[in-house]
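Asks: Have a look at this one.
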Amino acid sequence: MTYVASLAAARDAARFGEKTAALAALSTVPGVRVPPGFAISADYFRTFIEASLPQAQWPERLVAGPEAERREDKLLIVRSTLARAPLPEAGWKEIVAAFERLDAPMVAVRSSSLSEDTRRAAGAGVFSTVLGVRDRQALERAVRAVFERLFDERALSYLARLSAREPPAMALLVQRVVDATSAGVLFTEDPVRRAAGTMRVEATLGLGSTIVDGVVAPDQWVLSREDGSIVSESLADKRVVARLQPAGGTKLEELASSTRVPSLDHEQLHELAGAARAVERALGGKRDVEFAFEGRTLWIVQARPIVEAHDLDDARSRWVWSNVNVGEALPGVATPLTWSIAAAFSDHGFRKAFGALGCTVPENVELVGRFDGRIYLNLTHFLSIAAQVPALDPRQLLEFGGGGGVDEVVSQIQKGSWASFLLRVPAITARFVAENAALDERVESFERDATSFRARFGDVSFGALTRAELAIELERVEAMLDRTGALMLTCASGALSSVVLARTMLRATARHDAEHLERALLSGNAELESALPGIALAHIAAGLARDPEARAMIESTTPDALAVEGLPDGPTRRSLEAFLGAYGFRAPREAELSTPRWREDPSTVFAALRAHAQGGALPLARVEAQIHGRERAETEWLASLASPLRPLARRVLARARKFLKRRERMRAHVTEVLGYFRSIALEVSRRLARFEPECGDDGAFFLDIDEVREFLRGGVADVATLVRGRRAEHLRNLAKPDPPNSFVGAPPIVSGARDAGSRRRMTGIGASAGRVRGPVRVLREPRDGATLRPGEILVVPVADVGWTPLFLTAAGVITDLGGALSHASLVAREYGVPTVVNVDGASRALRDGELVEIDGHQGTVDRLERDAIEEGRAAP
């Protein structure tokens, strides 16, 4: 039997695999260059394993057998057996002869499994490629490595899911290595957005392995299929590059300085698009094309089919998605661990809330989803379920939470029947009474238990625990999240219902000024949990005048170089120690588990402290003014009511304030529990790194919660490959521009340079009343808050509690995301800072120093001519 064929002759996919067969077909296509090489048929692999392993360990037996036989501890024995077994001599002589005939300085030995690169499954990242092979000894090591890779848990689990009829087998492709100056992948159709008439390119400098391994984020382009012209472009910072080494293998080299120079120029992109069209014509169907440029020469190194996902059906194509509310809680790209916890938490919470209202929630309904790594809420499903309660106004719900696509969603919703709803009212009422019975006592009991849990958790020495003991700690934290989340949901539902009740009463009694009056009456609550950190920092800043040595150090040192223990002993240091003891679990993007908490990285705290110090007494004066404003508004409103209505009005206001305060308090508890998850994830990461150094010090964040549990039970095969692939996907998502805040069906292709254009007026949701003018200060990270000056308008993409200490310094606040009842909006009202949220694209459109006027009552942002500022910095 002949085991080897030239690449051009290796067109039989049943012997050489779809990967090799596709490249064989392309090797004779005009305008397409494929690196020369030869193929080794799957028969050689079968001969090897049948001579080396008992039948019970043949891959088809392992795939068809019980999962326990595919556990990593057993597969290590199989791979050890193969490592000691001789390669079949007859076939090996053929392989060596072909290698010598190829006469290439270096080759790549690539998997070409009979189960990869098919239309059913790509197998990307499951099997192996070995680069930089120079001699016979390295060739043998590479062949063995690729063969043995089929016998790991991830590969065999993948094959088991495919349920292939034929026995698994591994063919090999040996090709001259392209010494790439740039490399990447082109999708002839965007696999996520399916945008007609476009292709997507991801590339980087040097070898493409840095993209696959997650070492770098790629440059990205969207090209016209018709002529290869650029539709959009997003360039990534490039700090390292992978290159071939003269002695064989590859090496990561650090660039002298990071660069955003594009890895491909326009001419190369145009040539690449033409080659991709030729690939499609030759092979048929949409393709995922891997390429490498060697100088100006383009090589095609792979052309697998894009695995077909189901096209959007008619109903799905009309779904409206928004991240305006959920995106404030979890902004940006979420790590896999965070997503796995947040998605389950959100889905469970929504179902429980709807159930409390007597709504039927379909079992498989999709309430939350992910696009380019960002979390989105399915407004169509959310509001369709809410419509089972006829009294709920979808427009009002969207206003509370924020979100676009209102008209599109409302047009899809069929209002529920009042008759049907009224029949459910007794059960709903009974459930509501049971849920809220003795709520004060439940909250007090929880507070005691949370304090005990915090103390016990703080005493745990994680490094001394066994895996089993650490798994028990994880179970305890998960149980605590379930309890905390359930109570938070009760408080949040109470807050929503009580605010709706207060709004209804205000509209009935103060029709023309109800909105403004609502904000005044429901602010000025100095004990609101999410407002306390900023107020505490303002008090510490006010005391800096009495601690000149600490003040000098804070003002002369960059925030990221400061540490509380490095401050001179005195009132400022002691106050900051107490502050971090009380609020150190908070952070910007605090729902993202990979984000360091304030106690780990206090740079945001020091940045806010410096900004407060520049503002003098203004921050605290604002808070006092809000309290007095609330008291004055309440007195005037009650005086305008008929005497019999006043006791009811007081109870309605007291209930709304109480539940808003409770909601924020329980939200803080949820954040603290997420910090417990982070502590365990950091310990798991340390253990992963000892087991697989390639996982790094954050490997656990690239596993989902089930995989973390499995690791602690001793499972999860080839965890380094899993982490590497997830990290690569995470980096790719980070490099992509944010999709729109709201969209229909699937997110459109977005240019990294998109902004709000030349609009003179931008609109959003008025979150905190007041009109103010001032220069813009756009910040991406709270740690840059030391650059914020009194009188400036703070503009941020999204603001959670980790941002809010900076609000007290700003003259006004603008955010891209948010709703009227979002945490940032509540804090802004407590601080008396004019604020407009949900201004789509504001942080991209506005520039530092640009003059704007914001109206926190009307929800408008006006871009001013430079001399308009002289008319006055602020208006009441």
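So you can find residues: chains in the structure tokens are A, B, ... in the order shown, residues in each start at 1, and ligands are numbered from 1 in order.
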May I have the residues within 7 Å of region 792-799 of chain A as a ChimeraX atom specification, using only C-alpha atoms and disregarding those fewer than 4 positions away in the same chain?

Replies: /A:328,331,774-780,788,803-804,810-817,824,843

Asks: So that I can see what lies close to Ser530 (chain A), please list as a list of chain:residue names the residues with an atom at most 9 Å from it, counting only C-alpha atoms and leaving out residues fewer than 4 positions away in the same chain.

Replies: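 The residues that qualify are A:Gly534, A:Lys661, A:Glu664, A:Arg665, A:Arg667, A:Ala668, A:Val801, A:Thr804, A:His823, A:Ala824, A:Leu826, A:Val827.
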
Asks: Let me see the file: selected residues, N, CA, C and O atoms, as a PDB file, in the first residue's frame.

Replies:
```pdb
ATOM      1  N   GLY A 534     -18.830  57.630  46.944  1.00  0.00           N
ATOM      2  CA  GLY A 534     -18.441  58.956  46.484  1.00  0.00           C
ATOM      3  C   GLY A 534     -18.503  59.985  47.591  1.00  0.00           C
ATOM      4  O   GLY A 534     -17.625  60.853  47.710  1.00  0.00           O
ATOM      5  N   LYS A 661     -33.681  52.270  48.189  1.00  0.00           N
ATOM      6  CA  LYS A 661     -32.526  52.087  49.070  1.00  0.00           C
ATOM      7  C   LYS A 661     -32.195  50.598  49.216  1.00  0.00           C
ATOM      8  O   LYS A 661     -31.033  50.198  49.139  1.00  0.00           O
ATOM      9  N   GLU A 664     -30.540  49.099  46.004  1.00  0.00           N
ATOM     10  CA  GLU A 664     -29.130  49.432  45.876  1.00  0.00           C
ATOM     11  C   GLU A 664     -28.285  48.679  46.902  1.00  0.00           C
ATOM     12  O   GLU A 664     -27.156  48.277  46.625  1.00  0.00           O
ATOM     13  N   ARG A 665     -28.841  48.478  48.090  1.00  0.00           N
ATOM     14  CA  ARG A 665     -28.111  47.727  49.116  1.00  0.00           C
ATOM     15  C   ARG A 665     -27.926  46.274  48.696  1.00  0.00           C
ATOM     16  O   ARG A 665     -26.833  45.707  48.816  1.00  0.00           O
ATOM     17  N   ARG A 667     -28.012  45.164  45.630  1.00  0.00           N
ATOM     18  CA  ARG A 667     -27.105  45.156  44.476  1.00  0.00           C
ATOM     19  C   ARG A 667     -25.657  45.162  44.951  1.00  0.00           C
ATOM     20  O   ARG A 667     -24.796  44.481  44.375  1.00  0.00           O
ATOM     21  N   ALA A 668     -25.367  45.892  46.023  1.00  0.00           N
ATOM     22  CA  ALA A 668     -24.019  45.893  46.589  1.00  0.00           C
ATOM     23  C   ALA A 668     -23.661  44.518  47.132  1.00  0.00           C
ATOM     24  O   ALA A 668     -22.527  44.048  46.982  1.00  0.00           O
ATOM     25  N   VAL A 801     -21.306  51.699  39.530  1.00  0.00           N
ATOM     26  CA  VAL A 801     -20.939  52.333  40.801  1.00  0.00           C
ATOM     27  C   VAL A 801     -19.446  52.637  40.859  1.00  0.00           C
ATOM     28  O   VAL A 801     -19.020  53.606  41.509  1.00  0.00           O
ATOM     29  N   THR A 804     -18.987  56.206  39.810  1.00  0.00           N
ATOM     30  CA  THR A 804     -19.771  57.302  40.374  1.00  0.00           C
ATOM     31  C   THR A 804     -19.032  58.244  41.323  1.00  0.00           C
ATOM     32  O   THR A 804     -19.473  59.395  41.462  1.00  0.00           O
ATOM     33  N   HIS A 823     -28.440  52.423  38.086  1.00  0.00           N
ATOM     34  CA  HIS A 823     -27.677  52.784  39.284  1.00  0.00           C
ATOM     35  C   HIS A 823     -27.003  54.140  39.120  1.00  0.00           C
ATOM     36  O   HIS A 823     -26.986  54.956  40.041  1.00  0.00           O
ATOM     37  N   ALA A 824     -26.431  54.392  37.940  1.00  0.00           N
ATOM     38  CA  ALA A 824     -25.761  55.668  37.706  1.00  0.00           C
ATOM     39  C   ALA A 824     -26.749  56.828  37.782  1.00  0.00           C
ATOM     40  O   ALA A 824     -26.433  57.906  38.307  1.00  0.00           O
ATOM     41  N   LEU A 826     -29.576  56.959  39.538  1.00  0.00           N
ATOM     42  CA  LEU A 826     -29.934  57.184  40.942  1.00  0.00           C
ATOM     43  C   LEU A 826     -28.844  57.951  41.679  1.00  0.00           C
ATOM     44  O   LEU A 826     -29.125  58.887  42.442  1.00  0.00           O
ATOM     45  N   VAL A 827     -27.595  57.570  41.444  1.00  0.00           N
ATOM     46  CA  VAL A 827     -26.488  58.246  42.126  1.00  0.00           C
ATOM     47  C   VAL A 827     -26.381  59.694  41.663  1.00  0.00           C
ATOM     48  O   VAL A 827     -26.161  60.608  42.480  1.00  0.00           O
TER      49      VAL A 827
END
```

Asks: Can you pull out the residues contacting Ala25 (chain A)? Cut-off 9 Å, using only C-alpha atoms, and skip same-chain residues under 5 positions away; I want them as a VMD selection string.

Replies: chain A and resid 7 to 11 20 282 to 283

Asks: From a backbone DSSP assignment, name each residue in region 131-261 of chain A labelled alpha helix (DSSP H), as number ranges by chain.

Replies: A: 136-149, 153-162, 209-212

Asks: Any chance you could export the current selection's N, CA and C atoms as a PDB file, in the first residue's frame?

Replies:
```pdb
ATOM      1  N   ARG A 136      14.750  15.003   9.928  1.00  0.00           N
ATOM      2  CA  ARG A 136      13.996  13.766  10.086  1.00  0.00           C
ATOM      3  C   ARG A 136      13.555  13.544  11.525  1.00  0.00           C
ATOM      4  N   GLN A 137      14.423  13.883  12.479  1.00  0.00           N
ATOM      5  CA  GLN A 137      14.072  13.673  13.877  1.00  0.00           C
ATOM      6  C   GLN A 137      12.880  14.565  14.279  1.00  0.00           C
ATOM      7  N   ALA A 138      12.945  15.821  13.842  1.00  0.00           N
ATOM      8  CA  ALA A 138      11.835  16.735  14.143  1.00  0.00           C
ATOM      9  C   ALA A 138      10.567  16.302  13.417  1.00  0.00           C
ATOM     10  N   LEU A 139      10.736  15.745  12.215  1.00  0.00           N
ATOM     11  CA  LEU A 139       9.581  15.261  11.460  1.00  0.00           C
ATOM     12  C   LEU A 139       8.887  14.130  12.218  1.00  0.00           C
ATOM     13  N   GLU A 140       9.681  13.190  12.746  1.00  0.00           N
ATOM     14  CA  GLU A 140       9.075  12.079  13.492  1.00  0.00           C
ATOM     15  C   GLU A 140       8.351  12.594  14.738  1.00  0.00           C
ATOM     16  N   ARG A 141       8.958  13.522  15.448  1.00  0.00           N
ATOM     17  CA  ARG A 141       8.303  14.076  16.643  1.00  0.00           C
ATOM     18  C   ARG A 141       6.986  14.756  16.270  1.00  0.00           C
ATOM     19  N   ALA A 142       6.991  15.463  15.147  1.00  0.00           N
ATOM     20  CA  ALA A 142       5.781  16.178  14.729  1.00  0.00           C
ATOM     21  C   ALA A 142       4.673  15.210  14.330  1.00  0.00           C
ATOM     22  N   VAL A 143       5.017  14.155  13.583  1.00  0.00           N
ATOM     23  CA  VAL A 143       4.013  13.167  13.172  1.00  0.00           C
ATOM     24  C   VAL A 143       3.391  12.525  14.414  1.00  0.00           C
ATOM     25  N   ARG A 144       4.226  12.142  15.358  1.00  0.00           N
ATOM     26  CA  ARG A 144       3.710  11.529  16.578  1.00  0.00           C
ATOM     27  C   ARG A 144       2.805  12.514  17.357  1.00  0.00           C
ATOM     28  N   ALA A 145       3.225  13.761  17.427  1.00  0.00           N
ATOM     29  CA  ALA A 145       2.454  14.752  18.189  1.00  0.00           C
ATOM     30  C   ALA A 145       1.052  14.928  17.606  1.00  0.00           C
ATOM     31  N   VAL A 146       0.974  14.988  16.266  1.00  0.00           N
ATOM     32  CA  VAL A 146      -0.339  15.175  15.637  1.00  0.00           C
ATOM     33  C   VAL A 146      -1.187  13.918  15.809  1.00  0.00           C
ATOM     34  N   PHE A 147      -0.606  12.751  15.664  1.00  0.00           N
ATOM     35  CA  PHE A 147      -1.350  11.513  15.886  1.00  0.00           C
ATOM     36  C   PHE A 147      -1.873  11.434  17.331  1.00  0.00           C
ATOM     37  N   GLU A 148      -0.982  11.729  18.277  1.00  0.00           N
ATOM     38  CA  GLU A 148      -1.367  11.591  19.682  1.00  0.00           C
ATOM     39  C   GLU A 148      -2.436  12.601  20.090  1.00  0.00           C
ATOM     40  N   ARG A 149      -2.473  13.744  19.395  1.00  0.00           N
ATOM     41  CA  ARG A 149      -3.461  14.780  19.740  1.00  0.00           C
ATOM     42  C   ARG A 149      -4.895  14.268  19.576  1.00  0.00           C
ATOM     43  N   GLU A 153      -8.945  14.307  25.561  1.00  0.00           N
ATOM     44  CA  GLU A 153     -10.364  14.296  25.924  1.00  0.00           C
ATOM     45  C   GLU A 153     -11.175  15.238  25.053  1.00  0.00           C
ATOM     46  N   ARG A 154     -10.592  16.393  24.760  1.00  0.00           N
ATOM     47  CA  ARG A 154     -11.353  17.362  23.966  1.00  0.00           C
ATOM     48  C   ARG A 154     -11.608  16.832  22.560  1.00  0.00           C
ATOM     49  N   ALA A 155     -10.576  16.250  21.925  1.00  0.00           N
ATOM     50  CA  ALA A 155     -10.739  15.748  20.566  1.00  0.00           C
ATOM     51  C   ALA A 155     -11.738  14.597  20.516  1.00  0.00           C
ATOM     52  N   LEU A 156     -11.626  13.666  21.458  1.00  0.00           N
ATOM     53  CA  LEU A 156     -12.533  12.522  21.440  1.00  0.00           C
ATOM     54  C   LEU A 156     -13.960  12.928  21.793  1.00  0.00           C
ATOM     55  N   SER A 157     -14.126  13.907  22.668  1.00  0.00           N
ATOM     56  CA  SER A 157     -15.469  14.407  22.983  1.00  0.00           C
ATOM     57  C   SER A 157     -16.077  15.089  21.763  1.00  0.00           C
ATOM     58  N   TYR A 158     -15.251  15.822  21.041  1.00  0.00           N
ATOM     59  CA  TYR A 158     -15.700  16.450  19.794  1.00  0.00           C
ATOM     60  C   TYR A 158     -16.153  15.382  18.789  1.00  0.00           C
ATOM     61  N   LEU A 159     -15.364  14.334  18.626  1.00  0.00           N
ATOM     62  CA  LEU A 159     -15.719  13.262  17.701  1.00  0.00           C
ATOM     63  C   LEU A 159     -16.983  12.533  18.155  1.00  0.00           C
ATOM     64  N   ALA A 160     -17.143  12.378  19.472  1.00  0.00           N
ATOM     65  CA  ALA A 160     -18.347  11.721  19.979  1.00  0.00           C
ATOM     66  C   ALA A 160     -19.593  12.524  19.645  1.00  0.00           C
ATOM     67  N   ARG A 161     -19.498  13.847  19.717  1.00  0.00           N
ATOM     68  CA  ARG A 161     -20.664  14.681  19.389  1.00  0.00           C
ATOM     69  C   ARG A 161     -21.026  14.598  17.915  1.00  0.00           C
ATOM     70  N   LEU A 162     -20.038  14.345  17.048  1.00  0.00           N
ATOM     71  CA  LEU A 162     -20.304  14.284  15.614  1.00  0.00           C
ATOM     72  C   LEU A 162     -21.084  13.035  15.211  1.00  0.00           C
ATOM     73  N   SER A 209      -0.219  32.311  14.011  1.00  0.00           N
ATOM     74  CA  SER A 209      -0.402  31.544  15.244  1.00  0.00           C
ATOM     75  C   SER A 209      -0.700  32.440  16.438  1.00  0.00           C
ATOM     76  N   THR A 210      -0.265  33.694  16.399  1.00  0.00           N
ATOM     77  CA  THR A 210      -0.535  34.586  17.528  1.00  0.00           C
ATOM     78  C   THR A 210      -2.036  34.894  17.644  1.00  0.00           C
ATOM     79  N   ILE A 211      -2.755  34.887  16.517  1.00  0.00           N
ATOM     80  CA  ILE A 211      -4.206  35.076  16.575  1.00  0.00           C
ATOM     81  C   ILE A 211      -4.864  33.827  17.142  1.00  0.00           C
ATOM     82  N   VAL A 212      -4.464  32.667  16.611  1.00  0.00           N
ATOM     83  CA  VAL A 212      -5.044  31.401  17.055  1.00  0.00           C
ATOM     84  C   VAL A 212      -4.805  31.185  18.539  1.00  0.00           C
TER      85      VAL A 212
END
```

Asks: Do you have the CA of Pro35 (chain A)-CA of Thr198 (chain A) distance handy?

Replies: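 Rounded to one decimal, the two atoms are 27.0 Å apart.
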
Asks: Skipping near chain neighbours, those fewer than 2 positions away, what residues fall within 9 Å of Ala492 (chain A) using only C-alpha atoms, listed as a PDB file with N, CA, C and O atoms, in the first residue's frame?

Replies:
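Written output follows (part_9.pdb):
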```
ATOM      1  N   LEU A 487     -33.326  37.754  46.949  1.00  0.00           N
ATOM      2  CA  LEU A 487     -33.761  38.870  47.774  1.00  0.00           C
ATOM      3  C   LEU A 487     -33.617  40.192  47.020  1.00  0.00           C
ATOM      4  O   LEU A 487     -34.470  41.086  47.139  1.00  0.00           O
ATOM      5  N   MET A 488     -32.552  40.334  46.228  1.00  0.00           N
ATOM      6  CA  MET A 488     -32.401  41.534  45.421  1.00  0.00           C
ATOM      7  C   MET A 488     -33.563  41.678  44.448  1.00  0.00           C
ATOM      8  O   MET A 488     -34.090  42.774  44.221  1.00  0.00           O
ATOM      9  N   LEU A 489     -33.981  40.553  43.859  1.00  0.00           N
ATOM     10  CA  LEU A 489     -35.078  40.589  42.903  1.00  0.00           C
ATOM     11  C   LEU A 489     -36.371  41.053  43.572  1.00  0.00           C
ATOM     12  O   LEU A 489     -37.120  41.862  43.010  1.00  0.00           O
ATOM     13  N   THR A 490     -36.611  40.570  44.781  1.00  0.00           N
ATOM     14  CA  THR A 490     -37.793  41.019  45.510  1.00  0.00           C
ATOM     15  C   THR A 490     -37.732  42.520  45.746  1.00  0.00           C
ATOM     16  O   THR A 490     -38.721  43.246  45.548  1.00  0.00           O
ATOM     17  N   GLY A 494     -40.066  45.420  44.108  1.00  0.00           N
ATOM     18  CA  GLY A 494     -40.738  46.378  44.968  1.00  0.00           C
ATOM     19  C   GLY A 494     -40.406  47.817  44.590  1.00  0.00           C
ATOM     20  O   GLY A 494     -41.268  48.700  44.623  1.00  0.00           O
ATOM     21  N   ALA A 495     -39.144  48.053  44.212  1.00  0.00           N
ATOM     22  CA  ALA A 495     -38.733  49.398  43.796  1.00  0.00           C
ATOM     23  C   ALA A 495     -39.473  49.821  42.538  1.00  0.00           C
ATOM     24  O   ALA A 495     -39.974  50.948  42.439  1.00  0.00           O
ATOM     25  N   LEU A 496     -39.548  48.911  41.558  1.00  0.00           N
ATOM     26  CA  LEU A 496     -40.224  49.250  40.306  1.00  0.00           C
ATOM     27  C   LEU A 496     -41.696  49.548  40.541  1.00  0.00           C
ATOM     28  O   LEU A 496     -42.229  50.566  40.078  1.00  0.00           O
ATOM     29  N   SER A 497     -42.369  48.663  41.298  1.00  0.00           N
ATOM     30  CA  SER A 497     -43.799  48.866  41.520  1.00  0.00           C
ATOM     31  C   SER A 497     -44.066  50.126  42.327  1.00  0.00           C
ATOM     32  O   SER A 497     -45.035  50.859  42.059  1.00  0.00           O
ATOM     33  N   PHE A 659     -37.672  51.122  49.090  1.00  0.00           N
ATOM     34  CA  PHE A 659     -37.332  50.048  48.175  1.00  0.00           C
ATOM     35  C   PHE A 659     -36.172  50.416  47.258  1.00  0.00           C
ATOM     36  O   PHE A 659     -35.369  49.549  46.883  1.00  0.00           O
ATOM     37  N   LEU A 660     -36.053  51.686  46.884  1.00  0.00           N
ATOM     38  CA  LEU A 660     -34.890  52.090  46.096  1.00  0.00           C
ATOM     39  C   LEU A 660     -33.608  51.906  46.908  1.00  0.00           C
ATOM     40  O   LEU A 660     -32.588  51.432  46.394  1.00  0.00           O
ATOM     41  N   ARG A 662     -33.225  49.774  49.393  1.00  0.00           N
ATOM     42  CA  ARG A 662     -32.993  48.339  49.530  1.00  0.00           C
ATOM     43  C   ARG A 662     -32.434  47.735  48.252  1.00  0.00           C
ATOM     44  O   ARG A 662     -31.568  46.856  48.298  1.00  0.00           O
ATOM     45  N   ARG A 663     -32.959  48.173  47.118  1.00  0.00           N
ATOM     46  CA  ARG A 663     -32.453  47.630  45.851  1.00  0.00           C
ATOM     47  C   ARG A 663     -30.965  47.878  45.715  1.00  0.00           C
ATOM     48  O   ARG A 663     -30.192  46.987  45.345  1.00  0.00           O
ATOM     49  N   GLU A 664     -30.540  49.099  46.004  1.00  0.00           N
ATOM     50  CA  GLU A 664     -29.130  49.432  45.876  1.00  0.00           C
ATOM     51  C   GLU A 664     -28.285  48.679  46.902  1.00  0.00           C
ATOM     52  O   GLU A 664     -27.156  48.277  46.625  1.00  0.00           O
ATOM     53  N   MET A 666     -28.982  45.666  48.149  1.00  0.00           N
ATOM     54  CA  MET A 666     -28.875  44.277  47.720  1.00  0.00           C
ATOM     55  C   MET A 666     -27.995  44.161  46.479  1.00  0.00           C
ATOM     56  O   MET A 666     -27.293  43.165  46.302  1.00  0.00           O
TER      57      MET A 666
END
```

Asks: Rank nothing, just name the residue among A:Glu18, A:Glu202, A:Glu692, A:Glu555 nearest to Met170 (chain A), using only C-alpha atoms.

Replies: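 Among A:Glu18, A:Glu202, A:Glu692, A:Glu555, it is A:Glu18 that comes nearest to Met170 (chain A).
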
Asks: Would you mind listing what lies within 8 Å of Val723 (chain A) as a PyMOL selection string, with only C-alpha atoms counted and same-chain residues fewer than 5 positions away left out?

Replies: chain A and resi 695+699-700+702-703

Asks: Residues as selected, N, CA, C and O atoms, written as an mmCIF file, in the first residue's frame, can you do that?

Replies:
```cif
data_model
loop_
_atom_site.group_PDB
_atom_site.id
_atom_site.type_symbol
_atom_site.label_atom_id
_atom_site.label_comp_id
_atom_site.auth_asym_id
_atom_site.auth_seq_id
_atom_site.Cartn_x
_atom_site.Cartn_y
_atom_site.Cartn_z
ATOM 1 N N CYS A 695 -1.594 28.559 30.712
ATOM 2 C CA CYS A 695 -2.878 29.157 31.094
ATOM 3 C C CYS A 695 -2.711 30.552 31.693
ATOM 4 O O CYS A 695 -3.657 31.338 31.720
ATOM 5 N N GLY A 699 -6.239 32.105 33.898
ATOM 6 C CA GLY A 699 -6.824 31.051 33.079
ATOM 7 C C GLY A 699 -8.254 30.693 33.447
ATOM 8 O O GLY A 699 -9.067 30.387 32.569
ATOM 9 N N ALA A 700 -8.603 30.718 34.740
ATOM 10 C CA ALA A 700 -9.946 30.300 35.161
ATOM 11 C C ALA A 700 -11.036 31.194 34.582
ATOM 12 O O ALA A 700 -12.177 30.745 34.398
ATOM 13 N N PHE A 702 -11.316 32.105 31.690
ATOM 14 C CA PHE A 702 -11.623 31.664 30.329
ATOM 15 C C PHE A 702 -12.231 30.264 30.308
ATOM 16 O O PHE A 702 -12.321 29.633 29.263
ATOM 17 N N LEU A 703 -12.666 29.809 31.471
ATOM 18 C CA LEU A 703 -13.490 28.613 31.595
ATOM 19 C C LEU A 703 -14.888 29.055 32.013
ATOM 20 O O LEU A 703 -15.064 30.124 32.591
#
```

Asks: Could you give me, as a list in words, the residues within 10 Å of Arg519 (chain A), counting only C-alpha atoms and dropping anything in the same chain fewer than 3 positions from it?

Replies: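 Selected residues are Arg503, Ala514, Glu515, His516, Leu522, Ser523, Gly524, Arg630, Ala633, Gly766, Ala767, Ser768, Ala769, Ala820, Leu826, Arg829, Glu830 and His857 of chain A.
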
Asks: May I have the residues from that selection written out with N, CA, C and O atoms, as a CSV table (one decimal), in the first residue's frame?

Replies:
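This is the output file out-v9.csv:
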```
chain,number,residue,atom,x,y,z
A,503,ARG,N,-45.3,57.5,40.6
A,503,ARG,CA,-45.4,58.3,39.3
A,503,ARG,C,-46.9,58.5,39.0
A,503,ARG,O,-47.3,59.6,38.5
A,514,ALA,N,-44.9,66.7,36.8
A,514,ALA,CA,-44.8,65.4,37.5
A,514,ALA,C,-43.4,64.8,37.4
A,514,ALA,O,-42.9,64.3,38.3
A,515,GLU,N,-42.9,64.9,36.1
A,515,GLU,CA,-41.6,64.3,35.9
A,515,GLU,C,-40.5,64.9,36.7
A,515,GLU,O,-39.7,64.3,37.4
A,516,HIS,N,-40.4,66.3,36.7
A,516,HIS,CA,-39.4,67.0,37.5
A,516,HIS,C,-39.6,66.8,39.0
A,516,HIS,O,-38.7,66.6,39.7
A,522,LEU,N,-37.6,61.8,44.9
A,522,LEU,CA,-37.0,60.5,45.0
A,522,LEU,C,-35.5,60.6,45.1
A,522,LEU,O,-34.8,59.6,45.0
A,523,SER,N,-34.9,61.8,45.2
A,523,SER,CA,-33.5,61.9,45.4
A,523,SER,C,-33.2,62.5,46.8
A,523,SER,O,-34.1,62.6,47.6
A,524,GLY,N,-32.0,62.9,47.0
A,524,GLY,CA,-31.7,63.5,48.3
A,524,GLY,C,-31.7,62.5,49.5
A,524,GLY,O,-32.0,62.8,50.6
A,630,ARG,N,-35.0,68.1,48.2
A,630,ARG,CA,-36.1,67.0,48.4
A,630,ARG,C,-37.0,67.4,49.5
A,630,ARG,O,-38.3,67.3,49.3
A,633,ALA,N,-39.3,70.2,48.1
A,633,ALA,CA,-40.3,69.7,47.1
A,633,ALA,C,-41.4,68.9,47.8
A,633,ALA,O,-42.6,69.0,47.4
A,766,GLY,N,-33.3,62.0,30.3
A,766,GLY,CA,-32.9,62.9,31.4
A,766,GLY,C,-32.9,62.1,32.7
A,766,GLY,O,-33.9,61.6,33.1
A,767,ALA,N,-31.7,62.0,33.3
A,767,ALA,CA,-31.6,61.2,34.5
A,767,ALA,C,-31.6,62.0,35.8
A,767,ALA,O,-32.0,61.6,36.9
A,768,SER,N,-31.0,63.2,35.7
A,768,SER,CA,-30.9,64.1,36.9
A,768,SER,C,-31.0,65.6,36.4
A,768,SER,O,-30.3,66.0,35.5
A,769,ALA,N,-32.0,66.3,36.9
A,769,ALA,CA,-32.4,67.6,36.4
A,769,ALA,C,-31.3,68.6,36.6
A,769,ALA,O,-30.4,68.5,37.4
A,820,ALA,N,-33.6,55.5,33.3
A,820,ALA,CA,-34.0,56.4,34.4
A,820,ALA,C,-33.8,55.8,35.8
A,820,ALA,O,-33.6,56.5,36.8
A,826,LEU,N,-29.6,57.0,39.5
A,826,LEU,CA,-29.9,57.2,40.9
A,826,LEU,C,-28.8,58.0,41.7
A,826,LEU,O,-29.1,58.9,42.4
A,829,ARG,N,-28.7,61.6,40.7
A,829,ARG,CA,-29.7,62.4,41.4
A,829,ARG,C,-29.4,62.7,42.9
A,829,ARG,O,-29.7,63.8,43.4
A,830,GLU,N,-28.8,61.7,43.5
A,830,GLU,CA,-28.4,61.9,44.9
A,830,GLU,C,-27.3,63.0,45.0
A,830,GLU,O,-27.3,63.8,46.0
A,857,HIS,N,-33.2,67.6,32.5
A,857,HIS,CA,-34.7,67.4,32.5
A,857,HIS,C,-35.2,67.0,31.2
A,857,HIS,O,-36.0,66.0,31.1
```

Asks: Pick out the closest residue to Val460 (chain A) from this set: A:Trp319, A:Phe743, A:Tyr676, A:Tyr583. Count only C-alpha atoms.

Replies: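 Nearest to Val460 (chain A): A:Tyr676.
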